[in-house]
>>> print(open('entry_32.csv').read())   # CSV, C-alpha atoms
chain,number,residue,atom,x,y,z
A,1,MET,CA,96.8,125.8,161.3
A,2,GLY,CA,99.6,124.2,159.5
A,3,LYS,CA,98.7,125.1,156.0
A,4,VAL,CA,101.4,123.4,154.1
A,5,ARG,CA,102.2,125.4,151.0
A,6,PRO,CA,104.1,123.4,148.5
A,7,LYS,CA,107.2,125.0,147.2
A,8,LYS,CA,106.5,127.1,144.2
A,9,HIS,CA,108.1,125.1,141.4
A,10,ALA,CA,107.9,126.1,137.8
A,11,PRO,CA,106.7,123.1,135.9
A,12,HIS,CA,109.6,122.2,133.8
A,13,THR,CA,109.0,119.7,131.1
A,14,ASP,CA,112.0,118.0,129.6
A,15,MET,CA,111.9,119.1,126.1
A,16,THR,CA,115.0,117.2,125.0
A,17,ALA,CA,113.1,114.4,123.4
A,18,MET,CA,110.7,116.7,121.6
A,19,THR,CA,113.6,118.7,120.2
A,20,ASP,CA,115.2,115.6,119.0
A,21,VAL,CA,112.2,114.4,117.2
A,22,ALA,CA,111.5,117.9,115.8
A,23,PHE,CA,114.9,118.2,114.4
A,24,LEU,CA,114.9,114.7,113.0
A,25,LEU,CA,111.8,115.5,111.1
A,26,LEU,CA,113.2,118.8,110.0
A,27,THR,CA,116.3,117.2,108.6
A,28,PHE,CA,114.2,114.7,106.8
A,29,PHE,CA,112.0,117.3,105.2
A,30,ILE,CA,115.0,119.5,104.2
A,31,MET,CA,116.6,116.6,102.5
A,32,THR,CA,113.6,115.4,100.6
A,33,ALA,CA,112.4,118.9,99.6
A,34,THR,CA,111.9,119.5,96.0
A,35,PHE,CA,110.2,122.7,95.5
A,36,LYS,CA,107.1,123.2,93.7
A,37,SER,CA,107.7,125.2,90.6
A,38,ASN,CA,105.5,128.3,90.6
A,39,ASP,CA,104.9,128.4,86.9
A,40,ALA,CA,101.5,127.4,85.6
A,41,GLU,CA,99.4,125.5,88.2
A,42,ILE,CA,98.7,122.1,86.7
A,43,THR,CA,96.9,119.3,88.4
A,44,THR,CA,97.7,116.2,86.6
A,45,PRO,CA,95.5,113.2,86.4
A,46,THR,CA,96.5,110.0,88.2
A,47,SER,CA,97.4,106.6,86.9
A,48,ILE,CA,98.6,103.3,88.3
A,49,SER,CA,101.8,103.6,86.4
A,50,GLN,CA,104.9,103.0,88.5
A,51,ILE,CA,107.4,104.5,86.2
A,52,LYS,CA,109.0,107.6,87.7
A,53,VAL,CA,109.6,110.7,85.7
A,54,PRO,CA,113.2,111.0,85.0
A,55,ASP,CA,114.9,113.9,86.8
A,56,ASP,CA,117.3,115.1,84.2
A,57,LYS,CA,117.4,115.3,80.4
A,58,ILE,CA,113.8,116.0,80.0
A,59,MET,CA,111.7,118.6,78.3
A,60,VAL,CA,108.2,119.2,79.6
A,61,ILE,CA,105.3,120.4,77.5
A,62,SER,CA,102.6,121.5,79.8
A,63,ILE,CA,99.0,122.2,79.0
A,64,ASP,CA,97.1,124.2,81.5
A,65,LYS,CA,93.4,124.0,82.1
A,66,THR,CA,92.5,126.6,79.5
A,67,GLY,CA,94.6,124.9,76.9
A,68,LYS,CA,97.6,127.2,77.0
A,69,VAL,CA,100.9,125.4,76.3
A,70,PHE,CA,104.1,126.0,78.2
A,71,PHE,CA,107.5,124.6,77.4
A,72,GLY,CA,110.4,123.9,79.7
A,73,VAL,CA,113.8,122.1,79.6
A,74,ASP,CA,115.5,121.0,82.7
A,75,ALA,CA,119.2,121.9,82.3
A,76,GLN,CA,120.2,125.6,82.2
A,77,PRO,CA,123.0,125.2,79.5
A,78,THR,CA,120.4,123.4,77.3
A,79,ARG,CA,118.0,126.3,77.7
A,80,ALA,CA,120.6,128.8,76.6
A,81,ALA,CA,121.6,126.6,73.6
A,82,MET,CA,118.0,126.1,72.7
A,83,LEU,CA,117.4,129.9,72.7
A,84,ASP,CA,120.4,130.3,70.4
A,85,ASN,CA,119.1,127.6,68.1
A,86,ILE,CA,115.7,129.2,67.8
A,87,GLY,CA,117.2,132.6,67.4
A,88,GLN,CA,119.3,131.3,64.5
A,89,ALA,CA,116.3,129.7,62.9
A,90,LYS,CA,114.1,132.7,63.2
A,91,GLY,CA,116.7,135.4,62.6
A,92,ILE,CA,116.5,136.9,66.1
A,93,THR,CA,119.7,137.7,68.0
A,94,PHE,CA,119.6,137.5,71.8
A,95,THR,CA,122.0,139.4,74.0
A,96,ASP,CA,124.0,137.6,76.7
A,97,ALA,CA,121.9,139.2,79.4
A,98,GLU,CA,118.8,137.9,77.7
A,99,ARG,CA,120.3,134.5,77.3
A,100,ALA,CA,121.3,134.4,81.0
A,101,LYS,CA,117.8,135.4,82.1
A,102,PHE,CA,116.2,132.9,79.8
A,103,ALA,CA,118.4,130.1,81.2
A,104,LEU,CA,116.8,130.8,84.6
A,105,GLN,CA,113.3,130.2,83.5
A,106,SER,CA,112.1,126.7,84.2
A,107,SER,CA,109.2,127.1,81.8
A,108,PHE,CA,107.6,129.7,79.7
A,109,GLY,CA,104.6,130.2,77.5
A,110,LEU,CA,105.0,133.1,75.2
A,111,PRO,CA,104.9,133.5,71.4
A,112,LEU,CA,108.3,134.2,69.9
A,113,ASN,CA,107.7,137.8,69.2
A,114,GLN,CA,106.9,138.5,72.8
A,115,LEU,CA,109.9,136.7,74.2
A,116,LYS,CA,112.4,139.5,73.8
A,117,PRO,CA,110.4,142.2,75.5
A,118,TRP,CA,109.6,139.7,78.3
A,119,LEU,CA,113.3,138.9,78.8
A,120,ASN,CA,114.1,142.6,79.1
A,121,MET,CA,111.6,143.2,81.9
A,122,PRO,CA,112.9,143.5,85.5
A,123,LYS,CA,112.7,140.2,87.3
A,124,GLU,CA,109.7,141.0,89.5
A,125,GLN,CA,107.7,142.1,86.5
A,126,MET,CA,108.5,139.0,84.6
A,127,SER,CA,106.6,136.8,87.0
A,128,GLN,CA,103.6,139.2,86.9
A,129,VAL,CA,103.1,138.8,83.1
A,130,LYS,CA,100.2,136.7,82.1
A,131,GLN,CA,101.7,134.3,79.7
A,132,PRO,CA,99.4,133.6,76.7
A,133,GLY,CA,101.0,130.2,76.0
A,134,ILE,CA,103.0,129.0,73.0
A,135,PRO,CA,101.1,129.1,69.8
A,136,VAL,CA,100.1,125.6,68.8
A,137,ASP,CA,97.9,124.6,65.9
A,138,SER,CA,96.7,121.4,64.4
A,139,THR,CA,98.8,121.5,61.3
A,140,GLY,CA,101.9,120.5,63.3
A,141,ALA,CA,104.0,123.4,62.1
A,142,SER,CA,103.7,126.0,64.8
A,143,GLU,CA,106.0,127.6,67.3
A,144,LEU,CA,105.9,124.6,69.7
A,145,ALA,CA,107.3,122.4,67.0
A,146,ASP,CA,110.1,124.9,66.5
A,147,TRP,CA,110.9,124.9,70.2
A,148,VAL,CA,110.9,121.2,70.4
A,149,TYR,CA,113.2,121.1,67.4
A,150,ALA,CA,115.5,123.7,68.9
A,151,ALA,CA,115.6,121.8,72.2
A,152,ARG,CA,116.4,118.6,70.5
A,153,LYS,CA,119.1,120.2,68.5
A,154,ALA,CA,120.6,121.6,71.7
A,155,ASP,CA,120.6,118.2,73.4
A,156,SER,CA,119.6,115.2,71.3
A,157,GLY,CA,119.1,112.9,74.3
A,158,LEU,CA,116.2,114.9,75.7
A,159,ARG,CA,113.2,112.9,76.6
A,160,ILE,CA,109.8,114.4,76.1
A,161,ALA,CA,107.2,114.5,78.7
A,162,LEU,CA,103.7,115.8,78.4
A,163,LYS,CA,102.0,117.3,81.4
A,164,GLY,CA,98.3,118.1,81.0
A,165,ASP,CA,95.8,119.5,83.4
A,166,ASN,CA,92.8,117.4,84.4
A,167,LEU,CA,90.5,119.9,82.8
A,168,SER,CA,92.3,120.7,79.6
A,169,LYS,CA,90.2,119.7,76.6
A,170,PHE,CA,91.3,116.9,74.4
A,171,PRO,CA,91.7,119.1,71.3
A,172,ALA,CA,94.5,120.9,73.1
A,173,PHE,CA,96.3,117.7,73.5
A,174,LYS,CA,95.6,116.7,70.0
A,175,ASP,CA,97.3,119.8,68.7
A,176,VAL,CA,100.4,119.2,70.8
A,177,LEU,CA,100.4,115.6,69.6
A,178,ALA,CA,100.3,116.8,66.0
A,179,ASN,CA,103.3,119.1,66.6
A,180,LEU,CA,105.3,116.2,68.0
A,181,GLN,CA,104.2,113.7,65.3
A,182,SER,CA,105.1,116.2,62.6
A,183,GLN,CA,108.7,115.7,63.8
A,184,ASN,CA,108.5,112.0,64.0
A,185,ILE,CA,108.3,111.9,67.7
A,186,ASN,CA,106.0,109.1,68.4
A,187,LYS,CA,107.0,108.0,71.9
A,188,PHE,CA,106.8,110.2,74.9
A,189,ASN,CA,105.7,110.2,78.5
A,190,LEU,CA,102.6,111.5,80.1
A,191,ILE,CA,103.2,112.8,83.5
A,192,THR,CA,100.6,111.7,86.0
A,193,GLY,CA,100.2,111.5,89.7
A,194,SER,CA,100.4,108.1,91.2
A,195,GLU,CA,97.4,106.2,92.3
A,196,GLN,CA,96.7,102.9,94.0
A,197,ALA,CA,95.9,100.1,91.6
A,198,PRO,CA,92.5,98.5,92.2
A,199,ALA,CA,92.3,95.4,94.3
A,200,GLY,CA,93.2,92.3,92.5
A,201,TYR,CA,95.5,94.0,90.0
A,202,THR,CA,98.8,92.2,89.5
A,203,ASN,CA,101.7,93.5,87.7
A,204,GLU,CA,103.3,90.7,85.8
B,205,MET,CA,121.2,115.2,128.3
B,206,ALA,CA,120.9,118.0,126.0
B,207,ALA,CA,121.0,120.5,128.8
B,208,ILE,CA,124.2,122.5,128.8
B,209,GLU,CA,126.3,122.5,131.9
B,210,GLU,CA,126.8,126.1,133.0
B,211,SER,CA,130.3,126.3,134.6
B,212,GLY,CA,133.1,128.7,135.0
B,213,GLY,CA,132.3,132.4,134.3
B,214,GLY,CA,130.0,134.0,136.7
B,215,GLY,CA,129.7,131.1,139.1
B,216,HIS,CA,132.2,132.4,141.6
B,217,GLY,CA,131.7,135.2,144.0
B,218,LYS,CA,134.2,137.6,145.4
B,219,GLY,CA,137.9,136.8,145.7
B,220,GLY,CA,139.2,134.6,148.5
B,221,GLY,CA,136.0,133.7,150.4
B,222,LYS,CA,134.9,130.4,149.3
B,223,VAL,CA,131.4,131.5,148.7
B,224,ARG,CA,129.3,128.9,147.3
B,225,GLY,CA,126.7,130.5,145.2
B,226,LYS,CA,123.2,129.3,145.0
B,227,LYS,CA,123.1,126.3,143.0
B,228,MET,CA,122.0,127.6,139.6
B,229,SER,CA,119.7,125.7,137.4
B,230,THR,CA,121.7,124.2,134.6
B,231,ARG,CA,118.8,123.9,132.3
B,232,VAL,CA,118.6,125.9,129.2
B,233,ASP,CA,115.2,126.9,128.1
B,234,MET,CA,114.7,125.1,124.9
B,235,THR,CA,111.2,126.4,124.0
B,236,PRO,CA,112.3,129.0,121.4
B,237,MET,CA,114.5,126.4,119.7
B,238,VAL,CA,111.6,123.9,119.6
B,239,ASP,CA,109.4,126.7,118.3
B,240,LEU,CA,111.8,127.4,115.5
B,241,GLY,CA,112.2,123.7,114.8
B,242,PHE,CA,108.5,123.2,114.3
B,243,LEU,CA,108.2,126.3,112.3
B,244,LEU,CA,110.8,125.1,109.8
B,245,ILE,CA,109.2,121.7,109.7
B,246,THR,CA,105.9,123.2,108.9
B,247,PHE,CA,107.5,125.3,106.1
B,248,PHE,CA,109.3,122.4,104.6
B,249,MET,CA,106.3,120.1,104.8
B,250,LEU,CA,104.1,122.6,102.9
B,251,ALA,CA,106.8,123.4,100.4
B,252,THR,CA,107.6,119.9,99.5
B,253,THR,CA,105.8,117.9,96.9
B,254,MET,CA,105.9,114.5,98.5
B,255,SER,CA,104.7,112.1,95.8
B,256,LYS,CA,107.0,112.2,92.9
B,257,PRO,CA,105.0,112.2,89.7
B,258,THR,CA,104.9,109.0,87.7
B,259,SER,CA,104.7,108.8,84.0
B,260,MET,CA,103.0,106.6,81.6
B,261,SER,CA,104.6,106.1,78.2
B,262,LEU,CA,102.5,106.5,75.2
B,263,ALA,CA,103.5,105.4,71.7
B,264,VAL,CA,101.6,106.6,68.8
B,265,PRO,CA,101.8,105.2,65.3
B,266,ASP,CA,104.1,106.8,62.9
B,267,LYS,CA,102.1,109.1,60.6
B,268,THR,CA,104.8,109.4,57.9
B,269,GLU,CA,105.3,105.8,57.6
B,270,ASP,CA,104.3,104.4,54.2
B,271,GLN,CA,101.4,102.1,54.4
B,272,GLU,CA,103.3,99.3,52.7
B,273,LYS,CA,101.5,96.3,54.1
B,274,PRO,CA,97.9,96.9,54.3
B,275,THR,CA,96.5,95.8,57.6
B,276,GLU,CA,93.4,93.7,57.8
B,277,PRO,CA,90.4,95.7,58.7
B,278,LEU,CA,89.0,95.1,62.1
B,279,LYS,CA,86.0,93.0,62.5
B,280,ALA,CA,83.4,95.0,64.4
B,281,SER,CA,82.5,91.9,66.4
B,282,LYS,CA,86.0,91.9,68.0
B,283,VAL,CA,86.0,95.6,68.9
B,284,LEU,CA,84.9,97.5,71.9
B,285,THR,CA,84.6,101.2,70.9
B,286,LEU,CA,84.7,103.7,73.7
B,287,PHE,CA,83.6,107.3,73.0
B,288,MET,CA,84.7,109.8,75.6
B,289,GLY,CA,82.0,112.3,76.0
B,290,ALA,CA,81.4,115.4,78.1
B,291,ASN,CA,81.0,115.4,81.9
B,292,ASP,CA,83.0,112.2,82.4
B,293,ASP,CA,80.5,110.1,80.5
B,294,VAL,CA,81.7,107.2,78.3
B,295,TYR,CA,79.6,105.9,75.5
B,296,TYR,CA,80.4,102.5,74.2
B,297,LEU,CA,79.5,100.1,71.4
B,298,ASP,CA,80.4,96.5,72.3
B,299,GLY,CA,81.1,94.3,69.3
B,300,ILE,CA,78.9,96.3,66.9
B,301,ALA,CA,79.8,98.7,64.2
B,302,ALA,CA,78.5,102.3,64.3
B,303,ASP,CA,76.9,101.9,60.9
B,304,ASP,CA,74.9,98.9,62.0
B,305,ASP,CA,71.2,99.5,62.3
B,306,LYS,CA,71.1,98.4,65.9
B,307,ALA,CA,73.9,100.8,66.9
B,308,PRO,CA,71.7,103.6,68.2
B,309,THR,CA,70.0,101.2,70.6
B,310,GLU,CA,73.2,99.4,71.5
B,311,LEU,CA,75.0,102.6,72.5
B,312,LYS,CA,75.3,102.5,76.2
B,313,THR,CA,76.6,105.0,78.7
B,314,THR,CA,78.9,104.3,81.6
B,315,ARG,CA,81.2,106.2,83.9
B,316,TYR,CA,85.0,106.1,84.5
B,317,GLY,CA,86.4,104.0,87.2
B,318,PHE,CA,84.9,100.8,88.3
B,319,ASP,CA,81.9,100.9,85.9
B,320,LEU,CA,84.1,101.3,82.8
B,321,ARG,CA,86.4,98.6,84.1
B,322,SER,CA,83.5,96.2,84.5
B,323,VAL,CA,82.4,96.9,80.9
B,324,ILE,CA,85.9,96.3,79.5
B,325,PHE,CA,86.3,93.1,81.5
B,326,ALA,CA,83.0,91.7,80.4
B,327,SER,CA,83.6,92.6,76.8
B,328,GLN,CA,87.1,91.2,76.9
B,329,LYS,CA,85.9,87.9,78.3
B,330,ARG,CA,83.0,87.6,75.9
B,331,ILE,CA,85.1,88.4,72.8
B,332,ASN,CA,88.1,86.4,73.7
B,333,ALA,CA,85.8,83.4,74.4
B,334,ALA,CA,84.0,83.7,71.1
B,335,ASN,CA,87.1,84.3,68.9
B,336,PRO,CA,90.3,82.3,68.8
B,337,LYS,CA,93.7,83.9,69.2
B,338,ASP,CA,95.2,85.1,66.0
B,339,LYS,CA,98.3,83.4,64.5
B,340,ASP,CA,100.7,85.6,66.5
B,341,GLY,CA,99.1,84.5,69.7
B,342,ASN,CA,97.3,87.8,70.4
B,343,ASP,CA,93.9,88.0,71.9
B,344,ALA,CA,91.1,88.8,69.6
B,345,PHE,CA,89.9,91.7,71.8
B,346,VAL,CA,90.6,95.2,70.5
B,347,VAL,CA,89.6,98.4,72.1
B,348,VAL,CA,89.2,101.5,70.0
B,349,ILE,CA,89.3,104.7,72.0
B,350,LYS,CA,87.7,107.7,70.5
B,351,PRO,CA,88.2,110.9,72.3
B,352,THR,CA,85.8,113.7,71.2
B,353,ASP,CA,86.2,117.4,71.4
B,354,VAL,CA,84.3,117.6,74.6
B,355,SER,CA,86.4,115.2,76.5
B,356,THR,CA,89.3,116.2,78.7
B,357,TYR,CA,92.8,115.2,78.9
B,358,LYS,CA,92.0,113.5,82.2
B,359,ASN,CA,89.5,111.3,80.4
B,360,MET,CA,92.1,110.1,78.0
B,361,VAL,CA,94.6,109.3,80.7
B,362,ASP,CA,91.9,107.5,82.6
B,363,VAL,CA,91.0,105.3,79.7
B,364,LEU,CA,94.7,104.6,78.9
B,365,ASP,CA,95.0,103.6,82.6
B,366,GLU,CA,92.1,101.3,82.3
B,367,MET,CA,93.9,99.6,79.4
B,368,ALA,CA,96.8,99.0,81.7
B,369,ILE,CA,94.5,97.7,84.5
B,370,THR,CA,92.5,95.4,82.3
B,371,LYS,CA,95.7,94.3,80.6
B,372,THR,CA,94.3,95.1,77.2
B,373,LYS,CA,97.2,94.8,74.9
B,374,ARG,CA,95.6,95.9,71.7
B,375,TYR,CA,94.0,99.3,71.7
B,376,ALA,CA,94.0,102.2,69.4
B,377,LEU,CA,93.6,105.9,70.1
B,378,VAL,CA,91.7,107.3,67.2
B,379,ASP,CA,90.8,111.0,67.2
B,380,ALA,CA,88.6,111.1,64.1
B,381,LEU,CA,85.0,110.1,64.2
B,382,THR,CA,83.4,108.6,61.2
B,383,ASP,CA,80.1,110.0,59.9
B,384,ALA,CA,78.2,106.9,61.1
B,385,GLU,CA,79.6,107.4,64.6
B,386,LYS,CA,78.8,111.1,64.6
B,387,LYS,CA,75.3,110.2,63.7
B,388,VAL,CA,75.0,107.7,66.4
B,389,LEU,CA,76.4,110.0,69.1
B,390,GLY,CA,74.3,112.9,67.8
B,391,ASP,CA,74.4,115.9,70.1
B,392,LYS,CA,76.1,114.0,72.9
B,393,ILE,CA,79.4,115.3,71.6
B,394,LYS,CA,78.4,118.8,70.7
B,395,PRO,CA,80.3,121.4,72.8
B,396,LYS,CA,77.9,123.3,75.0
B,397,ASN,CA,78.1,127.0,75.2
>>> encode(input="entry_32.csv", output="structure tokens")
Amino acid sequence: MGKVRPKKHAPHTDMTAMTDVAFLLLTFFIMTATFKSNDAEITTPTSISQIKVPDDKIMVISIDKTGKVFFGVDAQPTRAAMLDNIGQAKGITFTDAERAKFALQSSFGLPLNQLKPWLNMPKEQMSQVKQPGIPVDSTGASELADWVYAARKADSGLRIALKGDNLSKFPAFKDVLANLQSQNINKFNLITGSEQAPAGYTNE
Amino acid sequence: MAAIEESGGGGHGKGGGKVRGKKMSTRVDMTPMVDLGFLLITFFMLATTMSKPTSMSLAVPDKTEDQEKPTEPLKASKVLTLFMGANDDVYYLDGIAADDDKAPTELKTTRYGFDLRSVIFASQKRINAANPKDKDGNDAFVVVIKPTDVSTYKNMVDVLDEMAITKTKRYALVDALTDAEKKVLGDKIKPKN
């Protein structure tokens, strides 16, 4: 009986094309990657606004869903200068090590009196700390106002962006607004996600 | 194409005899490389925030500015007042003042999104048709936005966004409620515990 047995042949797929595509995508994602910052999870509301948030020279005041306020400045030298300014104003001296550590923090939410102990913690512990948020009150003269002032003193060209969480209550925003208005800051950006404009909307 | 030609090295047998070795497969197994490639792709895809956030600019009136030239009080008939309540409800008074006797019955409720937009468009059309433009060429229609303590930040952004969508040029964000408004809204704006 001529049982013809086909030659055992390992099925070999040509993966070249797949590799090409995979690495093309990989390159794309590496190039476009901007990492999520791990501080304070904030889901912003969406708007139809098309204006992009500027990448540099920006200070961001974040309000999380419980109304805690966080503050961050983008450039590291500005952060250090800001710390010096607030130290001067409040009579606190920061060591070089503290300043260097502070410059690495993209955003923070601690009252001034807890800042120094926090900066002296080991790195791993710093991220574990539950930050209570920067004290803000409706009178417009709270620590947030001091920070904004210190940051603007460090770099007068800083733009101000507000990033609020969907669920944060309006009074929290109102207090932040009072702090900005007390310093004559009347124009700022609200950071939002982008959303499709409804049908029929035209941008003139 | 991407397969690497294996040549030289171990290809030849012993010394003189021209022994032609078995033809070796010249293919390199690319599976691990592809695996790694996709692993990295997955990582970067998850770590990336694709849509860059946008921003809307908000300008608020100067508080310290002296009230040198008194502004004309708004006529209630030209104003749509939006009260942002709890649970994404919007209460509105269309062309009627809160201290009017009919206000409690005129106070209507709507939701964000399409419903609110329809309300604004309808009111805009009605008020602009009934009132001439002022001497600077502005439409008569004015929206007064009143956030309450129970509304969220998202509500405020949503309303401001509606202003952009409906192209309402004149709107004011006022965070203080008058006594008459408090009375009309009643316990709708009381924080629930």
>>> interface_residues(input="entry_32.csv", of="chain B", to="chain A", cutoff="9 Å", atoms="all atoms listed in the file", output="ChimeraX atom specification")
/B:205-207,233-235,237-238,241-242,244-246,248-249,251-268,318,351-362,364-366,368-370,379
>>> atom_distance(input="entry_32.csv", atom1="atom CA of Gly87 of chain A", atom2="atom CA of Trp118 of chain A")
15.1 Å
>>> atom_distance(input="entry_32.csv", atom1="atom CA of Arg99 of chain A", atom2="atom CA of Leu83 of chain A")
7.1 Å
>>> residues_around(input="entry_32.csv", residues="Ile349 of chain B", least_positions_apart="2", cutoff="6 Å", atoms="all atoms listed in the file", output="PDB file with C-alpha atoms, in the coordinates of the input")
ATOM      1  CA  THR B 285      84.600 101.200  70.900  1.00  0.00           C
ATOM      2  CA  LEU B 286      84.700 103.700  73.700  1.00  0.00           C
ATOM      3  CA  ALA B 376      94.000 102.200  69.400  1.00  0.00           C
ATOM      4  CA  LEU B 377      93.600 105.900  70.100  1.00  0.00           C
ATOM      5  CA  VAL B 378      91.700 107.300  67.200  1.00  0.00           C
TER       6      VAL B 378
END
>>> closest_residue(input="entry_32.csv", among="A:Ile58, A:Pro111, A:Thr66, A:Ala103", to="Ala80 of chain A", atoms="all atoms listed in the file")
A:Ala103
>>> residues_around(input="entry_32.csv", residues="segment 340-343 of chain B", least_positions_apart="4", cutoff="12 Å", atoms="all atoms listed in the file", output="PyMOL selection string")
chain B and resi 282-283+328-336+347+371-375
>>> atom_distance(input="entry_32.csv", atom1="atom CA of Asp64 of chain A", atom2="atom CA of Ser106 of chain A")
15.4 Å
>>> residues_around(input="entry_32.csv", residues="Gly133 of chain A", least_positions_apart="5", cutoff="6 Å", atoms="only C-alpha atoms", output="list of chain:residue names")
A:Lys68, A:Val69, A:Phe70, A:Gly109, A:Leu110
>>> write_last_selection(input="entry_32.csv", atoms="C-alpha atoms", output="short mmCIF file (atom, residue, chain, number, x, y, z; two decimals), in the frame of the given file")
data_model
loop_
_atom_site.label_atom_id
_atom_site.label_comp_id
_atom_site.auth_asym_id
_atom_site.auth_seq_id
_atom_site.Cartn_x
_atom_site.Cartn_y
_atom_site.Cartn_z
CA LYS A 68 97.60 127.20 77.00
CA VAL A 69 100.90 125.40 76.30
CA PHE A 70 104.10 126.00 78.20
CA GLY A 109 104.60 130.20 77.50
CA LEU A 110 105.00 133.10 75.20
#
>>> closest_residue(input="entry_32.csv", among="B:Tyr296, B:Lys337, B:Lys306, B:Asn291", to="Asp319 of chain B", atoms="all atoms listed in the file")
B:Tyr296
>>> closest_residue(input="entry_32.csv", among="B:Leu278, B:Ala290, B:Lys392, B:Pro236", to="Val346 of chain B", atoms="all atoms listed in the file")
B:Leu278
>>> closest_residue(input="entry_32.csv", among="A:Ile160, A:Val129, A:Val4, A:Leu144", to="Gln114 of chain A", atoms="all atoms listed in the file")
A:Val129
>>> closest_residue(input="entry_32.csv", among="A:Gly72, A:Pro117, A:Glu124, A:Lys90", to="Gln105 of chain A", atoms="all atoms listed in the file")
A:Gly72
>>> residues_near_point(input="entry_32.csv", point="(125.6, 120.5, 80.8)", cutoff="10 Å", atoms="all atoms listed in the file", output="ChimeraX atom specification")
/A:57,75-78,155
>>> build_atoms(input="entry_32.csv", residues="segment 343-358 of chain B", atoms="N, CA and C atoms", output="PDB file, in the frame of the given file")
ATOM      1  N   ASP B 343      95.356  88.097  71.677  1.00  0.00           N
ATOM      2  CA  ASP B 343      93.900  88.000  71.900  1.00  0.00           C
ATOM      3  C   ASP B 343      93.158  88.692  70.849  1.00  0.00           C
ATOM      4  N   ALA B 344      91.934  88.250  70.634  1.00  0.00           N
ATOM      5  CA  ALA B 344      91.100  88.800  69.600  1.00  0.00           C
ATOM      6  C   ALA B 344      90.606  90.230  69.963  1.00  0.00           C
ATOM      7  N   PHE B 345      90.513  90.443  71.254  1.00  0.00           N
ATOM      8  CA  PHE B 345      89.900  91.700  71.800  1.00  0.00           C
ATOM      9  C   PHE B 345      90.662  92.941  71.434  1.00  0.00           C
ATOM     10  N   VAL B 346      89.962  93.892  70.865  1.00  0.00           N
ATOM     11  CA  VAL B 346      90.600  95.200  70.500  1.00  0.00           C
ATOM     12  C   VAL B 346      89.710  96.289  71.067  1.00  0.00           C
ATOM     13  N   VAL B 347      90.343  97.280  71.649  1.00  0.00           N
ATOM     14  CA  VAL B 347      89.600  98.400  72.100  1.00  0.00           C
ATOM     15  C   VAL B 347      89.948  99.621  71.216  1.00  0.00           C
ATOM     16  N   VAL B 348      88.943 100.284  70.730  1.00  0.00           N
ATOM     17  CA  VAL B 348      89.200 101.500  70.000  1.00  0.00           C
ATOM     18  C   VAL B 348      88.718 102.677  70.842  1.00  0.00           C
ATOM     19  N   ILE B 349      89.642 103.557  71.132  1.00  0.00           N
ATOM     20  CA  ILE B 349      89.300 104.700  72.000  1.00  0.00           C
ATOM     21  C   ILE B 349      89.139 105.915  71.150  1.00  0.00           C
ATOM     22  N   LYS B 350      87.991 106.508  71.277  1.00  0.00           N
ATOM     23  CA  LYS B 350      87.700 107.700  70.500  1.00  0.00           C
ATOM     24  C   LYS B 350      87.424 108.881  71.343  1.00  0.00           C
ATOM     25  N   PRO B 351      88.424 109.711  71.542  1.00  0.00           N
ATOM     26  CA  PRO B 351      88.200 110.900  72.300  1.00  0.00           C
ATOM     27  C   PRO B 351      87.377 111.898  71.418  1.00  0.00           C
ATOM     28  N   THR B 352      86.502 112.640  72.013  1.00  0.00           N
ATOM     29  CA  THR B 352      85.800 113.700  71.200  1.00  0.00           C
ATOM     30  C   THR B 352      86.232 115.026  71.723  1.00  0.00           C
ATOM     31  N   ASP B 353      85.764 116.044  71.041  1.00  0.00           N
ATOM     32  CA  ASP B 353      86.200 117.400  71.400  1.00  0.00           C
ATOM     33  C   ASP B 353      85.752 117.854  72.749  1.00  0.00           C
ATOM     34  N   VAL B 354      84.752 117.194  73.288  1.00  0.00           N
ATOM     35  CA  VAL B 354      84.300 117.600  74.600  1.00  0.00           C
ATOM     36  C   VAL B 354      84.911 116.899  75.746  1.00  0.00           C
ATOM     37  N   SER B 355      85.722 115.891  75.431  1.00  0.00           N
ATOM     38  CA  SER B 355      86.400 115.200  76.500  1.00  0.00           C
ATOM     39  C   SER B 355      87.613 115.880  76.966  1.00  0.00           C
ATOM     40  N   THR B 356      88.074 115.527  78.141  1.00  0.00           N
ATOM     41  CA  THR B 356      89.300 116.200  78.700  1.00  0.00           C
ATOM     42  C   THR B 356      90.460 115.283  78.615  1.00  0.00           C
ATOM     43  N   TYR B 357      91.582 115.884  78.891  1.00  0.00           N
ATOM     44  CA  TYR B 357      92.800 115.200  78.900  1.00  0.00           C
ATOM     45  C   TYR B 357      92.804 114.079  80.008  1.00  0.00           C
ATOM     46  N   LYS B 358      92.161 114.416  81.124  1.00  0.00           N
ATOM     47  CA  LYS B 358      92.000 113.500  82.200  1.00  0.00           C
ATOM     48  C   LYS B 358      91.312 112.197  81.757  1.00  0.00           C
TER      49      LYS B 358
END
